[in-house]
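**Student:** Take this structure, written in structure tokens, and hold onto it; I'll ask about it next.
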Amino acid sequence: MVFAVEKQPVVTRFAPSPTGYMHIGNLRTALYAYLIARHDGGRFILRIEDTDRERLVEGATDVIMRTLAVTGLSYDEGPIVGGEHGPYVQSERKPIYMEYAKRLIELGAAYYCFCTKERLEQLHEEDATGGYDRHCRDLSPEEVEKNLAAGIPYVIRQKMPLEGTTSYVDAVFGEVSVENKELQDQILMKADGYPTYNFAHVVDDYLMGVTHVVRGSEYVTSTPKYALLYDAFGWQRPTYVHLPLLMGKNADGSVSKLSKRHGAVSFEDLVNDGFLPEAIINYIALLGWGPKGENAEVEFFTLSELEKAFSITGVNKSPAVFDFDKLCWFNGEYIKKLDFATFKEKAMPFLHAAFPAEVDVDAVLRLLQGRVSKLTEVEGKSQLFRELCEYDKALFENKKNKVTVESAEALLKAALPCLQALDSWDNDTLYAALLQLSEQLGCKSGAVLWCLRIAASGMSVTPGGATEIMAAIGKAESLARIEKAIAKFA
RNA sequence: GGCCCGUUGGUCAAGAGGCUAAGACAUCGCCCUCUCACGGCGAAAACAUGGGUUCGAUUCCCGUACGGGUCACCA
């Protein structure tokens, strides 16, 4: 029978397990799932998969929800906000899974297994590649009843077909097929009464009406097993959307799955390192997906722009290497776009020590805004406004401006009284005065400014020019630093 | 190791049979400039490989190599 398929509303979900921090790879999965739903005006669900009671980490769910909140990935249904398919935490749905597992047994697609862990370990020792030997697959109903009545611990396993192949069409990878003989009779219900991921996510996705299962490509090969579960229940299979993995570059140049050893990989660590959430989202959106058509050359996307531009067909198949340099570039661009008040608000927490009272903090921050790629850099780059560091007079030497150590001394001595005479002390006044001085002296303005910048900062590379620095640290400190410089020649 | 998947510059990534094979980051150079940065201009840099199919393959097919994933009472 052929149906004229009515377009169903898209429903996606992000289903992390609360076992720690929010990995950047997980965030990208959440982003894509969110975008796929929003692009079509569909629904996005958050579901917490906490069936592994041993790995549970206190507070991990809060981290997940906080991250989604600050990145703007809003969900229509989920813990706390609720929804018509709740609860949205798997441990609160426990009875549901056993009910469906038993139904599967009745359907002949699953069976009770009473094998002990010891026996499984033994099996593994004998043949590490063999897997479970399906010892309990054909137990007689009487035997099962007897064991159940005797209270023998059990698990429930999926009964895989022994022959043939199972395939599915992935929205990213295309058709994927696996020989059924490769499929293990995987455990659906654990001895502790909790379901495994393999079972719980299928039941929940069905019950919650998820139409597109979006997840990392590590699930590509196990998906036929899940498809078989849908088939056994007589449910319509969802569209599978597997995402390429995120990789990190190793010291030796090779790449491997992005992890801690590649640097900060949790969203919160990145934020603590001075990255802006919008920059992170923009960057990771581009890892595994590229804008097409008229947008092909666009680099900057806000979340809502991504919602419009994103499409599954643009998702790449090959793994993408996470490039911290490019993230830094994005971040710097986003920092520049901030209005000053916002920048100041975000930067202040990264300033560890106070400035001397005369220092114009706003002036310092304005200089810094266009020159940092991470908020953490404001601390180091503002150090010279707090105190002058030690430096050698050789620093004054500069061939481009034709300054030698000797001429520097003369220039500084000429500049000092000129600056002392100034009534007001702002960038424009300073600049005008020094320009005039250089004319009187008959030398390049660059020479005068170069010497004063060194004297005012003690560094060859500074966040700002001579007059900007002097304006920020104030007249008294500026003159004191120049005198200190002159003293070096004594 | 079996199975599954992938392969456009160092990285991200357009291009989908005929193009001088986009763009971005990083790199290098030049210009601007009171330093750095910004900005402007420019350079270098890629279709893994061997066979097909085709008038013509980066693009389609097969093999090889390389890379990744997966083989849990973890997700």
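Identifiers for the structure tokens are assigned positionally: chains receive A, B, ... in sequence, residues are indexed from 1 per chain, and ligands are indexed from 1 in the order shown.
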Could you list, as a ChimeraX atom specification, the residues of chain A having an atom within 6 Å of chain B when counting only C-alpha atoms (C1' of nucleotides)?

**Tutor:** /A:190,218,221,297,318,326,371,446,449-450,461-463,465

**Student:** Assign secondary structure with DSSP using the backbone only, and return the residues of segment 177-314 of chain A in helix (DSSP H, G or I) as a ChimeraX atom specification.

**Tutor:** /A:180-182,197-207,217-219,223-233,260-262,267-272,277-285,293-295,303-309,312-314

**Student:** Could you tell me which of A:Tyr230, A:Tyr240, A:Ala421, A:Asn272 comes closest to Leu104 of chain A if we count only C-alpha atoms?

**Tutor:**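 Among the listed residues, the smallest separation from Leu104 of chain A belongs to A:Tyr230.
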
**Student:** How many Å separate atom CA of Pro141 of chain A from atom CA of Phe114 of chain A?

**Tutor:**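 Distance reported for this atom pair: 13.2 Å.
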
**Student:** Excluding Asp269 of chain A and any residue of its chain fewer than 5 positions from it, enumerate the residues within 10 Å of it, using only C-alpha atoms (C1' of nucleotides), and give them as JSON, numbers by chain.

**Tutor:** {"A": [21, 22, 23, 24, 263, 264, 274, 275]}

**Student:** Once you have the residues from the selection above, write them out as a compact mmCIF listing (two decimals), in the first residue's frame, restricted to N, CA, C and O atoms.

**Tutor:**
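Saved file again_17.txt follows:
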# COMPACT_ATOMS: atom_id res chain seq x y z
N TYR A 21 30.54 16.43 33.26
CA TYR A 21 30.44 17.74 32.64
C TYR A 21 29.80 17.65 31.25
O TYR A 21 29.57 16.58 30.72
N MET A 22 29.56 18.79 30.67
CA MET A 22 28.96 18.85 29.33
C MET A 22 30.07 18.94 28.29
O MET A 22 30.64 20.01 28.05
N HIS A 23 30.35 17.83 27.69
CA HIS A 23 31.38 17.75 26.66
C HIS A 23 30.95 18.57 25.44
O HIS A 23 29.79 18.62 25.10
N ILE A 24 31.93 19.18 24.80
CA ILE A 24 31.64 20.03 23.65
C ILE A 24 31.02 19.22 22.51
O ILE A 24 30.22 19.72 21.72
N GLY A 263 42.89 19.52 25.78
CA GLY A 263 42.64 20.85 26.34
C GLY A 263 41.24 20.89 26.92
O GLY A 263 40.66 19.85 27.20
N ALA A 264 40.75 22.10 27.11
CA ALA A 264 39.42 22.23 27.69
C ALA A 264 38.37 21.74 26.69
O ALA A 264 38.30 22.21 25.58
N GLY A 274 37.34 32.01 29.24
CA GLY A 274 37.10 33.29 28.57
C GLY A 274 36.46 33.21 27.20
O GLY A 274 36.57 34.15 26.43
N PHE A 275 35.81 32.10 26.90
CA PHE A 275 35.11 32.01 25.62
C PHE A 275 33.64 32.38 25.82
O PHE A 275 33.04 32.04 26.83

**Student:** Could you give me, as a list in words, the residues within 12 Å of segment 127-130 of chain A, counting only C-alpha atoms (C1' of nucleotides) and dropping anything in the same chain fewer than 3 positions from it?

**Tutor:** Leu120, Glu121, Gln122, Leu123, His124, Asp133, Arg134, Lys181, Glu182, Leu183, Gln184 and Asp185 of chain A; G1, G2, C3 and C71 of chain B
